[in-house]
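Asker: data05.cif (mmCIF, N, CA and C atoms) pasted underneath:
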```
data_my_file
#
loop_
_atom_site.label_atom_id
_atom_site.label_comp_id
_atom_site.auth_asym_id
_atom_site.auth_seq_id
_atom_site.Cartn_x
_atom_site.Cartn_y
_atom_site.Cartn_z
N MET A 1 7.64 22.56 3.17
CA MET A 1 7.71 21.19 2.77
C MET A 1 8.30 20.38 3.93
N LYS A 2 7.66 19.24 4.25
CA LYS A 2 8.13 18.39 5.35
C LYS A 2 9.27 17.49 4.88
N GLU A 3 10.33 17.45 5.67
CA GLU A 3 11.46 16.59 5.34
C GLU A 3 11.16 15.18 5.80
N LEU A 4 11.39 14.20 4.91
CA LEU A 4 11.12 12.81 5.23
C LEU A 4 12.28 12.22 6.02
N PRO A 5 11.97 11.32 6.95
CA PRO A 5 13.05 10.69 7.72
C PRO A 5 13.89 9.79 6.83
N THR A 6 15.17 9.69 7.16
CA THR A 6 16.09 8.84 6.42
C THR A 6 16.32 7.56 7.20
N ILE A 7 16.28 6.44 6.51
CA ILE A 7 16.53 5.15 7.15
C ILE A 7 17.94 4.71 6.76
N GLN A 8 18.75 4.38 7.74
CA GLN A 8 20.10 3.91 7.47
C GLN A 8 20.04 2.56 6.76
N ALA A 9 20.88 2.35 5.77
CA ALA A 9 20.87 1.13 4.97
C ALA A 9 21.04 -0.11 5.83
N ASN A 10 21.84 -0.05 6.86
CA ASN A 10 22.08 -1.25 7.66
C ASN A 10 20.96 -1.55 8.66
N THR A 11 19.96 -0.69 8.79
CA THR A 11 18.86 -0.93 9.71
C THR A 11 17.57 -1.29 9.01
N CYS A 12 17.56 -1.27 7.71
CA CYS A 12 16.34 -1.50 6.95
C CYS A 12 16.24 -2.97 6.53
N CYS A 13 15.06 -3.41 6.39
CA CYS A 13 14.84 -4.75 5.88
C CYS A 13 14.47 -4.64 4.41
N GLY A 14 14.56 -5.72 3.69
CA GLY A 14 14.17 -5.69 2.30
C GLY A 14 14.90 -6.72 1.47
N LEU A 15 14.81 -6.55 0.18
CA LEU A 15 15.36 -7.54 -0.74
C LEU A 15 16.86 -7.70 -0.61
N GLY A 16 17.57 -6.66 -0.25
CA GLY A 16 19.02 -6.73 -0.16
C GLY A 16 19.54 -7.38 1.11
N THR A 17 18.66 -7.68 2.05
CA THR A 17 19.12 -8.23 3.32
C THR A 17 18.74 -9.68 3.53
N THR A 18 18.03 -10.28 2.60
CA THR A 18 17.60 -11.66 2.75
C THR A 18 17.40 -12.30 1.39
N THR A 19 17.33 -13.62 1.36
CA THR A 19 16.99 -14.32 0.13
C THR A 19 15.52 -14.67 0.17
N ILE A 20 14.93 -14.82 -1.00
CA ILE A 20 13.51 -15.13 -1.10
C ILE A 20 13.38 -16.48 -1.80
N ASP A 21 12.67 -17.41 -1.16
CA ASP A 21 12.48 -18.70 -1.79
C ASP A 21 11.38 -18.61 -2.86
N GLU A 22 11.20 -19.67 -3.60
CA GLU A 22 10.26 -19.69 -4.72
C GLU A 22 8.83 -19.41 -4.28
N THR A 23 8.41 -19.97 -3.17
CA THR A 23 7.04 -19.77 -2.68
C THR A 23 6.81 -18.31 -2.30
N GLU A 24 7.77 -17.74 -1.57
CA GLU A 24 7.65 -16.34 -1.15
C GLU A 24 7.68 -15.41 -2.37
N ALA A 25 8.53 -15.72 -3.34
CA ALA A 25 8.60 -14.91 -4.56
C ALA A 25 7.27 -14.93 -5.30
N ALA A 26 6.63 -16.10 -5.36
CA ALA A 26 5.33 -16.22 -6.03
C ALA A 26 4.25 -15.42 -5.29
N ARG A 27 4.38 -15.32 -3.97
CA ARG A 27 3.42 -14.54 -3.17
C ARG A 27 3.64 -13.04 -3.33
N ILE A 28 4.90 -12.62 -3.42
CA ILE A 28 5.23 -11.20 -3.46
C ILE A 28 5.14 -10.59 -4.86
N ALA A 29 5.41 -11.36 -5.89
CA ALA A 29 5.44 -10.82 -7.26
C ALA A 29 4.16 -10.09 -7.65
N PRO A 30 2.97 -10.61 -7.34
CA PRO A 30 1.75 -9.85 -7.70
C PRO A 30 1.66 -8.50 -6.99
N MET A 31 2.27 -8.40 -5.81
CA MET A 31 2.26 -7.12 -5.09
C MET A 31 3.07 -6.09 -5.86
N PHE A 32 4.26 -6.50 -6.32
CA PHE A 32 5.08 -5.58 -7.12
C PHE A 32 4.36 -5.21 -8.41
N LYS A 33 3.71 -6.18 -9.04
CA LYS A 33 2.99 -5.91 -10.29
C LYS A 33 1.87 -4.87 -10.04
N ALA A 34 1.13 -5.06 -8.95
CA ALA A 34 0.05 -4.11 -8.64
C ALA A 34 0.59 -2.72 -8.40
N LEU A 35 1.77 -2.62 -7.79
CA LEU A 35 2.35 -1.31 -7.49
C LEU A 35 3.04 -0.69 -8.70
N GLY A 36 3.06 -1.40 -9.82
CA GLY A 36 3.69 -0.89 -11.04
C GLY A 36 2.91 0.24 -11.69
N ASP A 37 1.70 0.47 -11.23
CA ASP A 37 0.88 1.57 -11.74
C ASP A 37 1.02 2.76 -10.81
N PRO A 38 1.30 3.95 -11.35
CA PRO A 38 1.51 5.13 -10.48
C PRO A 38 0.32 5.45 -9.57
N VAL A 39 -0.90 5.27 -10.04
CA VAL A 39 -2.07 5.56 -9.20
C VAL A 39 -2.11 4.58 -8.04
N ARG A 40 -1.91 3.30 -8.32
CA ARG A 40 -1.95 2.30 -7.25
C ARG A 40 -0.79 2.49 -6.27
N LEU A 41 0.35 2.89 -6.77
CA LEU A 41 1.48 3.15 -5.88
C LEU A 41 1.15 4.30 -4.92
N ARG A 42 0.55 5.36 -5.45
CA ARG A 42 0.15 6.49 -4.61
C ARG A 42 -0.93 6.09 -3.61
N LEU A 43 -1.92 5.30 -4.08
CA LEU A 43 -2.97 4.83 -3.18
C LEU A 43 -2.38 4.00 -2.04
N ALA A 44 -1.49 3.09 -2.37
CA ALA A 44 -0.87 2.25 -1.35
C ALA A 44 -0.09 3.10 -0.35
N GLY A 45 0.60 4.11 -0.84
CA GLY A 45 1.33 5.00 0.06
C GLY A 45 0.41 5.76 1.00
N LEU A 46 -0.71 6.24 0.47
CA LEU A 46 -1.68 6.94 1.32
C LEU A 46 -2.28 6.00 2.37
N ILE A 47 -2.59 4.78 1.96
CA ILE A 47 -3.17 3.82 2.88
C ILE A 47 -2.15 3.43 3.95
N ALA A 48 -0.91 3.23 3.54
CA ALA A 48 0.14 2.82 4.48
C ALA A 48 0.52 3.93 5.46
N SER A 49 0.18 5.16 5.13
CA SER A 49 0.56 6.28 6.00
C SER A 49 -0.31 6.39 7.24
N GLN A 50 -1.38 5.59 7.31
CA GLN A 50 -2.28 5.63 8.46
C GLN A 50 -2.67 4.21 8.84
N ALA A 51 -3.17 4.03 10.04
CA ALA A 51 -3.61 2.71 10.48
C ALA A 51 -4.75 2.23 9.58
N GLU A 52 -5.65 3.12 9.25
CA GLU A 52 -6.71 2.86 8.28
C GLU A 52 -7.17 4.18 7.71
N ILE A 53 -7.77 4.12 6.53
CA ILE A 53 -8.19 5.35 5.87
C ILE A 53 -9.48 5.09 5.09
N CYS A 54 -10.36 6.07 5.13
CA CYS A 54 -11.63 6.00 4.40
C CYS A 54 -11.41 6.32 2.93
N VAL A 55 -12.14 5.64 2.07
CA VAL A 55 -12.04 5.93 0.65
C VAL A 55 -12.39 7.39 0.37
N CYS A 56 -13.22 7.97 1.22
CA CYS A 56 -13.58 9.38 1.06
C CYS A 56 -12.38 10.31 1.27
N GLU A 57 -11.35 9.83 1.97
CA GLU A 57 -10.12 10.60 2.16
C GLU A 57 -9.12 10.36 1.04
N LEU A 58 -9.30 9.27 0.29
CA LEU A 58 -8.38 8.94 -0.80
C LEU A 58 -8.74 9.66 -2.10
N THR A 59 -10.02 9.69 -2.44
CA THR A 59 -10.44 10.20 -3.75
C THR A 59 -10.04 11.66 -4.02
N PRO A 60 -10.02 12.55 -3.02
CA PRO A 60 -9.63 13.93 -3.33
C PRO A 60 -8.18 14.09 -3.82
N HIS A 61 -7.35 13.09 -3.61
CA HIS A 61 -5.95 13.15 -4.02
C HIS A 61 -5.76 12.88 -5.51
N PHE A 62 -6.84 12.50 -6.20
CA PHE A 62 -6.75 12.09 -7.60
C PHE A 62 -7.81 12.78 -8.43
N GLN A 63 -7.47 13.03 -9.67
CA GLN A 63 -8.45 13.57 -10.61
C GLN A 63 -9.00 12.41 -11.43
N LEU A 64 -9.58 11.45 -10.73
CA LEU A 64 -10.14 10.25 -11.34
C LEU A 64 -11.55 10.03 -10.80
N SER A 65 -12.36 9.30 -11.55
CA SER A 65 -13.72 9.02 -11.10
C SER A 65 -13.71 8.00 -9.97
N GLY A 66 -14.79 7.96 -9.23
CA GLY A 66 -14.95 6.99 -8.15
C GLY A 66 -14.78 5.56 -8.61
N PRO A 67 -15.42 5.17 -9.73
CA PRO A 67 -15.25 3.80 -10.22
C PRO A 67 -13.80 3.47 -10.59
N THR A 68 -13.05 4.44 -11.09
CA THR A 68 -11.65 4.19 -11.43
C THR A 68 -10.83 3.96 -10.16
N ILE A 69 -11.06 4.76 -9.13
CA ILE A 69 -10.38 4.57 -7.85
C ILE A 69 -10.75 3.19 -7.29
N SER A 70 -12.02 2.83 -7.36
CA SER A 70 -12.47 1.52 -6.87
C SER A 70 -11.77 0.39 -7.60
N HIS A 71 -11.59 0.53 -8.91
CA HIS A 71 -10.88 -0.48 -9.69
C HIS A 71 -9.44 -0.65 -9.19
N HIS A 72 -8.76 0.46 -8.96
CA HIS A 72 -7.38 0.39 -8.49
C HIS A 72 -7.31 -0.23 -7.09
N LEU A 73 -8.25 0.13 -6.22
CA LEU A 73 -8.29 -0.45 -4.88
C LEU A 73 -8.56 -1.95 -4.94
N LYS A 74 -9.42 -2.36 -5.86
CA LYS A 74 -9.70 -3.79 -6.05
C LYS A 74 -8.43 -4.53 -6.47
N THR A 75 -7.66 -3.93 -7.36
CA THR A 75 -6.41 -4.54 -7.81
C THR A 75 -5.43 -4.70 -6.65
N LEU A 76 -5.31 -3.66 -5.82
CA LEU A 76 -4.44 -3.75 -4.64
C LEU A 76 -4.92 -4.82 -3.67
N ARG A 77 -6.22 -4.93 -3.54
CA ARG A 77 -6.80 -5.94 -2.65
C ARG A 77 -6.54 -7.35 -3.18
N GLU A 78 -6.75 -7.54 -4.48
CA GLU A 78 -6.53 -8.85 -5.09
C GLU A 78 -5.06 -9.26 -5.04
N ALA A 79 -4.16 -8.28 -5.04
CA ALA A 79 -2.73 -8.56 -4.96
C ALA A 79 -2.30 -8.91 -3.53
N GLY A 80 -3.20 -8.73 -2.57
CA GLY A 80 -2.90 -9.08 -1.19
C GLY A 80 -2.23 -7.98 -0.39
N LEU A 81 -2.25 -6.76 -0.92
CA LEU A 81 -1.60 -5.64 -0.22
C LEU A 81 -2.50 -4.96 0.80
N ILE A 82 -3.77 -4.84 0.48
CA ILE A 82 -4.68 -4.11 1.36
C ILE A 82 -5.90 -4.95 1.67
N ASP A 83 -6.61 -4.53 2.69
CA ASP A 83 -7.90 -5.11 3.01
C ASP A 83 -8.82 -3.95 3.33
N GLY A 84 -10.10 -4.21 3.36
CA GLY A 84 -11.05 -3.14 3.61
C GLY A 84 -12.32 -3.67 4.25
N GLU A 85 -13.09 -2.70 4.75
CA GLU A 85 -14.34 -3.04 5.42
C GLU A 85 -15.33 -1.91 5.19
N ARG A 86 -16.54 -2.28 4.77
CA ARG A 86 -17.59 -1.29 4.58
C ARG A 86 -18.19 -0.94 5.94
N ARG A 87 -18.29 0.37 6.16
CA ARG A 87 -18.93 0.89 7.36
C ARG A 87 -19.94 1.93 6.92
N GLY A 88 -21.18 1.52 6.85
CA GLY A 88 -22.21 2.42 6.35
C GLY A 88 -22.00 2.68 4.87
N THR A 89 -21.87 3.94 4.51
CA THR A 89 -21.69 4.35 3.12
C THR A 89 -20.28 4.16 2.63
N TRP A 90 -19.30 4.21 3.54
CA TRP A 90 -17.89 4.26 3.15
C TRP A 90 -17.16 2.95 3.39
N VAL A 91 -16.05 2.79 2.67
CA VAL A 91 -15.17 1.64 2.87
C VAL A 91 -13.85 2.17 3.45
N TYR A 92 -13.36 1.50 4.48
CA TYR A 92 -12.10 1.86 5.12
C TYR A 92 -11.06 0.81 4.74
N TYR A 93 -9.86 1.28 4.41
CA TYR A 93 -8.78 0.40 3.94
C TYR A 93 -7.59 0.47 4.87
N TRP A 94 -6.80 -0.61 4.89
CA TRP A 94 -5.56 -0.69 5.64
C TRP A 94 -4.63 -1.66 4.93
N ILE A 95 -3.35 -1.55 5.23
CA ILE A 95 -2.37 -2.50 4.72
C ILE A 95 -2.57 -3.80 5.48
N LYS A 96 -2.62 -4.91 4.77
CA LYS A 96 -2.87 -6.20 5.41
C LYS A 96 -1.72 -6.61 6.32
N PRO A 97 -2.04 -7.19 7.46
CA PRO A 97 -0.99 -7.78 8.30
C PRO A 97 -0.29 -8.88 7.50
N GLY A 98 0.99 -9.01 7.69
CA GLY A 98 1.74 -10.03 6.98
C GLY A 98 2.32 -9.57 5.66
N VAL A 99 1.98 -8.35 5.23
CA VAL A 99 2.59 -7.81 4.01
C VAL A 99 4.06 -7.54 4.33
N PRO A 100 4.96 -7.95 3.45
CA PRO A 100 6.40 -7.74 3.73
C PRO A 100 6.72 -6.29 4.09
N GLY A 101 7.70 -6.13 4.97
CA GLY A 101 8.07 -4.83 5.50
C GLY A 101 8.43 -3.79 4.46
N PHE A 102 9.00 -4.21 3.32
CA PHE A 102 9.39 -3.21 2.35
C PHE A 102 8.20 -2.61 1.62
N PHE A 103 6.96 -3.08 1.90
CA PHE A 103 5.76 -2.45 1.37
C PHE A 103 5.13 -1.50 2.37
N ARG A 104 5.68 -1.43 3.55
CA ARG A 104 5.11 -0.60 4.61
C ARG A 104 5.90 0.68 4.77
N ILE A 105 5.23 1.73 5.24
CA ILE A 105 5.90 2.97 5.58
C ILE A 105 6.25 2.88 7.06
N ARG A 106 7.50 3.05 7.39
CA ARG A 106 7.96 2.86 8.78
C ARG A 106 7.47 3.96 9.70
N ASP A 107 7.60 5.20 9.32
CA ASP A 107 7.19 6.33 10.13
C ASP A 107 6.12 7.11 9.37
N PRO A 108 4.84 6.83 9.64
CA PRO A 108 3.77 7.50 8.89
C PRO A 108 3.89 9.02 8.96
N ILE A 109 3.59 9.65 7.85
CA ILE A 109 3.56 11.11 7.76
C ILE A 109 2.12 11.55 8.00
N ARG A 110 1.92 12.38 8.96
CA ARG A 110 0.54 12.79 9.29
C ARG A 110 0.36 14.25 9.02
#
```
Could the structure of this file be written out as structure tokens, please?
Answerer:
Amino acid sequence: MKELPTIQANTCCGLGTTTIDETEAARIAPMFKALGDPVRLRLAGLIASQAEICVCELTPHFQLSGPTISHHLKTLREAGLIDGERRGTWVYYWIKPGVPGFFRIRDPIR
């Protein structure tokens, strides 16, 4: 089992280190709502662990149908967390630039 890196509390960014104004809270709240589902949380983690990832690499991690995975990816996209691009048969996903740091994985696990 691979040991995950530990981030010191005083070096991390996030909710405890800054205040969020009303506009920013309205932008971020749908992201938290989208991540409230365990499947979407896992999908977001897999996507954040790489610069980009093919949907063909995501589906084997779940015992769900392709349409169900697509639904969850659509929800993450609509929440503003991810973006994607079709390349031939497959769609490749990545975490959108500008997504707050506490939604990103600092040191990707490969």
Asker: Could you check which of A:Val39, A:Leu64, A:Cys56, A:Leu76 is closest to A:Trp90, using only C-alpha atoms?
Answerer: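 Nearest to A:Trp90: A:Cys56.
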Asker: Once the PyMOL selection byres (((chain A and resi 61 and name CA) around 10) and name CA) is applied to the coordinates I shared, what remains selected? I want it as a list of chain:residue names.
Answerer: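 Listing what the PyMOL selection byres (((chain A and resi 61 and name CA) around 10) and name CA) selects in the shown file: A:Val39, A:Arg42, A:Leu43, A:Leu46, A:Cys56, A:Glu57, A:Leu58, A:Thr59, A:Pro60, A:Phe62, A:Gln63, A:Leu64.
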Asker: Of the candidates A:Thr89, A:Leu81, A:Lys96, A:Glu52, which one gets nearest to A:Ala29 if we count only C-alpha atoms?
Answerer: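 Looking at the shortest contact to A:Ala29, the residue is A:Leu81.
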Asker: Which distance in Å separates atom N of A:Val91 and atom CA of A:Ile53, to one decimal?
Answerer: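 Between atom N of A:Val91 and atom CA of A:Ile53 the gap is 8.9 Å.
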Asker: For the file shown, what are the residues hit by the PyMOL selection byres ((chain A and resi 93) around 6.5), laid out as number ranges by chain?
Answerer: A: 47, 51-55, 82-85, 91-92, 94-95
Asker: List, as JSON, numbers by chain, every residue that the PyMOL selection byres ((chain A and resi 31) around 8) selects in the file provided.
Answerer: {"A": [26, 27, 28, 29, 30, 32, 33, 34, 35, 36, 76, 78, 79, 80, 81]}
Asker: Just the alpha helix (DSSP H) stuff from stretch 19-106 of chain A, please, per backbone DSSP, written as a PyMOL selection string.
Answerer: chain A and resi 22-34+38-48+55-58+66-78
Asker: Between atom CA of A:Ser49 and atom CA of A:Thr23, what is the distance, to one decimal in Å?
Answerer: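 About the pair atom CA of A:Ser49 and atom CA of A:Thr23: they are 28.2 Å apart.
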Asker: Any idea what the distance is between atom CA of A:Thr75 and atom CA of A:Gly88?
Answerer: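 Atom CA of A:Gly88 lies at a distance of 22.3 Å from atom CA of A:Thr75.
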